[in-house]
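Worksheet: one structure, shown below.
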Amino acid sequence: MKPKYQLIADSLRDKIISTEYPVGGVIPTELQLQEEYHASRYTVRQAVSVLVAEGYLRKEKGSGTYVNELVSVSEASPKKTIGVITTYISDYIFPTIIRGIEKELKAEGYSLLLSSTNNDYFQEKECLDRMIEFGVDGLIVEPTKSNQYNPNLATYVTLREHNIPIVMINATYEELNTPSIHVDDVETGYLATKELIDNNHQQLLLITKIDDLQGKYRMKGFIKACEENEIKLSSNSIITYTTETEEAIYDKVIAHLEVFSNITGILCYNDKIAKTLIGKLSAVGYKVPEDFSIVGNDDSTLSQMGEVSLTTTVHPKEEMGVDAAKWIVNTIKNGTFEKDILYPPKLIRRNSVKKLNPVK
């Protein structure tokens with residue numbers, strides 16, 4: 001079932017398309033929408049943000065939220081529209097990626113049709129069907145659970161057979177050999193692990209997401225760095241989670257650290273996991289970096305929030321969005337696929353890693 005904010009967004013979108021909310025008109029206030037949909041202020045804001053990102057609405061400070069005049073509400077589909085499907089829209093690094101896409105597409109005269117899957121196959125199928133029905137000229141897609149078999153692969157093949165260009169961001173479906181734009185996640189895992197090793201941490205723990213390809217590749221980099229530096233690994237050196245088990249991972253990690261008390265360095269799948277873990281550790285009396293050194297990934301806005309500023313690796317968020325938009329537009333114009341783009345990672349050192357005395 002879709003999250004409530006998406007259900008509200010779908011309802012508001014239908015009202016815009018049916019002209020119940022006319023172009024140029026203001027939509028109801030947040031309070032009115034809260035009462036109408038029996039939802040919290042935060043949920044309503046999420047729903048409105050989805051439609052702002054899709055181009056249906058625009059916010060004017062001190063005035064209200066208006067139906068965007070740039071959005072076609074006629075039965076005919078716009079002639080130049082790029083579909084964008086991401087796993088999430090309104091949190092973490094995704095708004096910045098989408099902003100980059102939107103900026104470049106607008107400069108090229110293209111509209112953007114945006115959907116999110118919440119990393120769920122069923123919702124991804126709905127997004128793909130919507131894009132096909134709308135008649136998009138090309139697709140920018142962040143894969144759903146890219147490290148698992150996807151039942152929607154046949155739909156992607158059908159899209160390619162109809163000469164609709166597709167580029168994938170952050171990961172790809174390896175079975176399809178689809179063009180992609182992503183960070184070198186093996187090197188990301190390697191760099192982040194090497195930072196802990198260079199600070200004399202020898203008892204390491206990796207926390208990684210296993211249903212997405214990025215997690216597998218970052219694990220590969222972790223193992224590579226450990227092997228090159230003769231760091232002993234065991235089955236207790238890696239803890240994995242999935243989209244569905246993310247909420248439970250923190251208690252599992254803390255229990256693990258209590259059993260394996262010699263661990264000093266922790267590499268996290270991303271900044272969100274790292275910063276949440278720091279908070280959970282603090283709640284039970286541990287300190288970072290005094291008790292544990294932690295490295296994240298993505299250099300998100302979360303990385304510098306709170307008392308602990310996170311050592312992390314860079315994700316080229318807005319640049320990726322711009323490059324993805326350029327890729328799809330150039331492919332449509334030229335009739336030939338552009339080259340894949342692979343970003344080399346960079347490390348940002350802050351204060352979440354403590355240098356230990358070297359082991360004699």
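Each chain of the structure tokens is named A, B, ... in the order shown, its residues numbered from 1; ligands are numbered from 1 in display order.
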Produce a table with one row for each residue of stretch 115-183 of chain A that has an atom at most 10 Å from any atom of stretch 311-316 of chain A, each row naming the nearest atom pair and its distance in Å at one decimal; use only C-alpha atoms; arrange rows by chain and rising residue number; format as JSON lines.
{"residue": "A:Asn170", "atom": "CA", "partner": "A:His315", "partner_atom": "CA", "distance": 9.6}
{"residue": "A:His182", "atom": "CA", "partner": "A:Pro316", "partner_atom": "CA", "distance": 9.0}
{"residue": "A:Val183", "atom": "CA", "partner": "A:His315", "partner_atom": "CA", "distance": 7.1}
- Quick one: residues within 12 Å of A:Tyr37, only C-alpha atoms counted, chain neighbours fewer than 3 positions away excluded, as a PyMOL selection string? chain A and resi 4-9+11-12+28+30-34+40-41+43-44+47
Could the residues in this selection be written to a file with all heavy atoms, as a short mmCIF file (atom, residue, chain, number, x, y, z; two decimals), in the first residue's frame?
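Output contents, as saved in result_8.cif:
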data_model
loop_
_atom_site.label_atom_id
_atom_site.label_comp_id
_atom_site.auth_asym_id
_atom_site.auth_seq_id
_atom_site.Cartn_x
_atom_site.Cartn_y
_atom_site.Cartn_z
N LYS A 4 0.75 7.42 3.03
CA LYS A 4 -0.38 8.35 3.01
C LYS A 4 -0.07 9.61 2.21
O LYS A 4 -0.93 10.15 1.50
CB LYS A 4 -0.79 8.71 4.43
CG LYS A 4 -2.08 9.52 4.47
CD LYS A 4 -2.75 9.47 5.82
CE LYS A 4 -4.12 10.13 5.75
NZ LYS A 4 -4.86 10.03 7.02
N TYR A 5 1.19 10.11 2.31
CA TYR A 5 1.50 11.34 1.59
C TYR A 5 1.38 11.14 0.08
O TYR A 5 0.99 12.07 -0.65
CB TYR A 5 2.90 11.86 1.97
CG TYR A 5 4.06 11.16 1.31
CD1 TYR A 5 4.55 11.60 0.08
CD2 TYR A 5 4.69 10.08 1.91
CE1 TYR A 5 5.63 10.98 -0.52
CE2 TYR A 5 5.76 9.46 1.32
CZ TYR A 5 6.24 9.91 0.10
OH TYR A 5 7.31 9.29 -0.49
N GLN A 6 1.69 9.92 -0.40
CA GLN A 6 1.54 9.67 -1.84
C GLN A 6 0.07 9.58 -2.25
O GLN A 6 -0.31 10.03 -3.33
CB GLN A 6 2.27 8.37 -2.21
CG GLN A 6 3.77 8.54 -2.32
CD GLN A 6 4.39 7.47 -3.18
OE1 GLN A 6 3.94 6.33 -3.20
NE2 GLN A 6 5.46 7.82 -3.88
N LEU A 7 -0.75 9.02 -1.37
CA LEU A 7 -2.18 8.96 -1.65
C LEU A 7 -2.77 10.37 -1.73
O LEU A 7 -3.60 10.67 -2.60
CB LEU A 7 -2.90 8.15 -0.56
CG LEU A 7 -2.55 6.65 -0.48
CD1 LEU A 7 -3.19 6.02 0.74
CD2 LEU A 7 -2.98 5.93 -1.75
N ILE A 8 -2.32 11.24 -0.82
CA ILE A 8 -2.78 12.63 -0.86
C ILE A 8 -2.29 13.32 -2.12
O ILE A 8 -3.04 14.04 -2.79
CB ILE A 8 -2.31 13.39 0.40
CG1 ILE A 8 -2.94 12.77 1.65
CG2 ILE A 8 -2.65 14.87 0.30
CD1 ILE A 8 -2.40 13.32 2.96
N ALA A 9 -1.01 13.08 -2.47
CA ALA A 9 -0.46 13.68 -3.69
C ALA A 9 -1.24 13.23 -4.92
O ALA A 9 -1.54 14.02 -5.81
CB ALA A 9 1.02 13.32 -3.82
N SER A 11 -4.35 12.29 -5.04
CA SER A 11 -5.67 12.93 -5.01
C SER A 11 -5.58 14.38 -5.49
O SER A 11 -6.39 14.84 -6.30
CB SER A 11 -6.25 12.89 -3.59
OG SER A 11 -7.45 13.62 -3.52
N LEU A 12 -4.57 15.10 -4.99
CA LEU A 12 -4.40 16.50 -5.39
C LEU A 12 -4.08 16.60 -6.88
O LEU A 12 -4.57 17.49 -7.58
CB LEU A 12 -3.28 17.14 -4.57
CG LEU A 12 -3.55 17.31 -3.07
CD1 LEU A 12 -2.31 17.85 -2.37
CD2 LEU A 12 -4.73 18.22 -2.82
N PRO A 28 -6.02 24.65 -1.38
CA PRO A 28 -6.35 24.88 0.03
C PRO A 28 -5.10 24.98 0.91
O PRO A 28 -4.03 24.47 0.56
CB PRO A 28 -7.18 23.64 0.40
CG PRO A 28 -7.78 23.19 -0.89
CD PRO A 28 -6.75 23.49 -1.94
N GLU A 30 -2.54 24.43 4.22
CA GLU A 30 -2.10 23.21 4.88
C GLU A 30 -3.13 22.75 5.91
O GLU A 30 -3.42 21.55 6.01
CB GLU A 30 -0.75 23.45 5.57
CG GLU A 30 0.44 23.44 4.64
CD GLU A 30 1.75 23.55 5.41
OE1 GLU A 30 1.70 23.67 6.64
OE2 GLU A 30 2.81 23.51 4.76
N LEU A 31 -3.66 23.69 6.68
CA LEU A 31 -4.63 23.32 7.72
C LEU A 31 -5.89 22.72 7.10
O LEU A 31 -6.42 21.72 7.59
CB LEU A 31 -4.99 24.56 8.55
CG LEU A 31 -5.97 24.33 9.70
CD1 LEU A 31 -5.41 23.30 10.68
CD2 LEU A 31 -6.27 25.65 10.43
N GLN A 32 -6.35 23.31 6.00
CA GLN A 32 -7.54 22.77 5.33
C GLN A 32 -7.27 21.37 4.78
O GLN A 32 -8.13 20.48 4.87
CB GLN A 32 -7.96 23.71 4.20
CG GLN A 32 -8.56 25.02 4.68
CD GLN A 32 -8.78 26.02 3.55
OE1 GLN A 32 -7.96 26.10 2.62
NE2 GLN A 32 -9.87 26.76 3.61
N LEU A 33 -6.08 21.16 4.23
CA LEU A 33 -5.73 19.84 3.70
C LEU A 33 -5.57 18.82 4.83
O LEU A 33 -5.95 17.65 4.68
CB LEU A 33 -4.44 19.93 2.89
CG LEU A 33 -4.55 20.71 1.57
CD1 LEU A 33 -3.17 20.85 0.92
CD2 LEU A 33 -5.51 20.02 0.60
N GLN A 34 -5.03 19.26 5.97
CA GLN A 34 -4.94 18.38 7.13
C GLN A 34 -6.32 17.88 7.53
O GLN A 34 -6.50 16.69 7.82
CB GLN A 34 -4.30 19.12 8.31
CG GLN A 34 -2.79 19.30 8.22
CD GLN A 34 -2.27 20.11 9.39
OE1 GLN A 34 -1.81 21.22 9.25
NE2 GLN A 34 -2.37 19.55 10.57
N SER A 40 -1.37 14.60 9.23
CA SER A 40 -0.53 15.54 9.96
C SER A 40 -0.01 16.63 9.02
O SER A 40 -0.04 16.48 7.80
CB SER A 40 0.66 14.82 10.60
OG SER A 40 1.54 14.36 9.59
N ARG A 41 0.49 17.69 9.61
CA ARG A 41 1.07 18.79 8.82
C ARG A 41 2.25 18.28 8.00
O ARG A 41 2.42 18.64 6.84
CB ARG A 41 1.51 19.90 9.77
CG ARG A 41 2.04 21.14 9.06
CD ARG A 41 2.45 22.18 10.09
NE ARG A 41 2.89 23.41 9.46
CZ ARG A 41 3.40 24.44 10.12
NH1 ARG A 41 3.52 24.38 11.44
NH2 ARG A 41 3.80 25.51 9.48
N THR A 43 2.80 15.23 6.86
CA THR A 43 2.34 14.39 5.74
C THR A 43 1.81 15.24 4.60
O THR A 43 2.10 14.98 3.43
CB THR A 43 1.26 13.41 6.22
OG1 THR A 43 1.80 12.58 7.25
CG2 THR A 43 0.76 12.54 5.09
N VAL A 44 1.05 16.28 4.94
CA VAL A 44 0.53 17.19 3.91
C VAL A 44 1.68 17.89 3.19
O VAL A 44 1.67 18.02 1.96
CB VAL A 44 -0.43 18.22 4.55
CG1 VAL A 44 -0.71 19.37 3.58
CG2 VAL A 44 -1.73 17.54 4.96
N ALA A 47 3.25 15.60 0.68
CA ALA A 47 2.42 15.45 -0.51
C ALA A 47 2.56 16.65 -1.44
O ALA A 47 2.71 16.51 -2.65
CB ALA A 47 0.95 15.26 -0.10
#
- Query: If you count only C-alpha atoms, which residues fall within 12 Å of A:His256, apart from same-chain ones fewer than 5 positions away, as a ChimeraX atom specification?
  - Reply: /A:205-207,235-239,249-251,261-263,266
Counting only C-alpha atoms, what are the residues of stretch 137-248 of chain A within 12 Å of stretch 117-124 of chain A, and for each of them which pair of atoms is the nearest and at what distance in Å, to one decimal? Sort the table by chain and rising number, as a tab-separated table.
residue	atom	partner	partner_atom	distance
A:Val141	CA	A:Glu124	CA	9.9
A:Glu142	CA	A:Thr117	CA	9.2
A:Pro143	CA	A:Asn119	CA	8.0
A:Thr144	CA	A:Asn119	CA	4.8
A:Lys145	CA	A:Asn119	CA	6.1
A:Ser146	CA	A:Asn119	CA	9.2
A:Asn147	CA	A:Asn119	CA	11.6
A:Gln148	CA	A:Tyr121	CA	10.5
A:Tyr149	CA	A:Tyr121	CA	10.0
A:Asn150	CA	A:Tyr121	CA	7.1
A:Pro151	CA	A:Tyr121	CA	7.3
A:Asn152	CA	A:Tyr121	CA	7.2
A:Leu153	CA	A:Tyr121	CA	10.3
A:Thr155	CA	A:Glu124	CA	10.4
A:Tyr156	CA	A:Glu124	CA	11.0
A:Asp211	CA	A:Asn119	CA	9.5
A:Asp212	CA	A:Asn119	CA	9.2
A:Thr242	CA	A:Asn119	CA	10.1
A:Thr243	CA	A:Asn119	CA	7.2
A:Glu244	CA	A:Asn119	CA	9.5
- Query: Among stretch 112-178 of chain A, which ones does DSSP place in strand (DSSP E or B), written as a ChimeraX atom specification?
  - Reply: /A:112-116,138-141,166-169
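Atom to atom, atom CA of A:Tyr286 and atom CA of A:Asn270 stand 20.2 Å apart.
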- Query: What is the atom CA of A:Val186 to atom CA of A:Cys268 distance in Å?
  - Reply: 13.8 Å
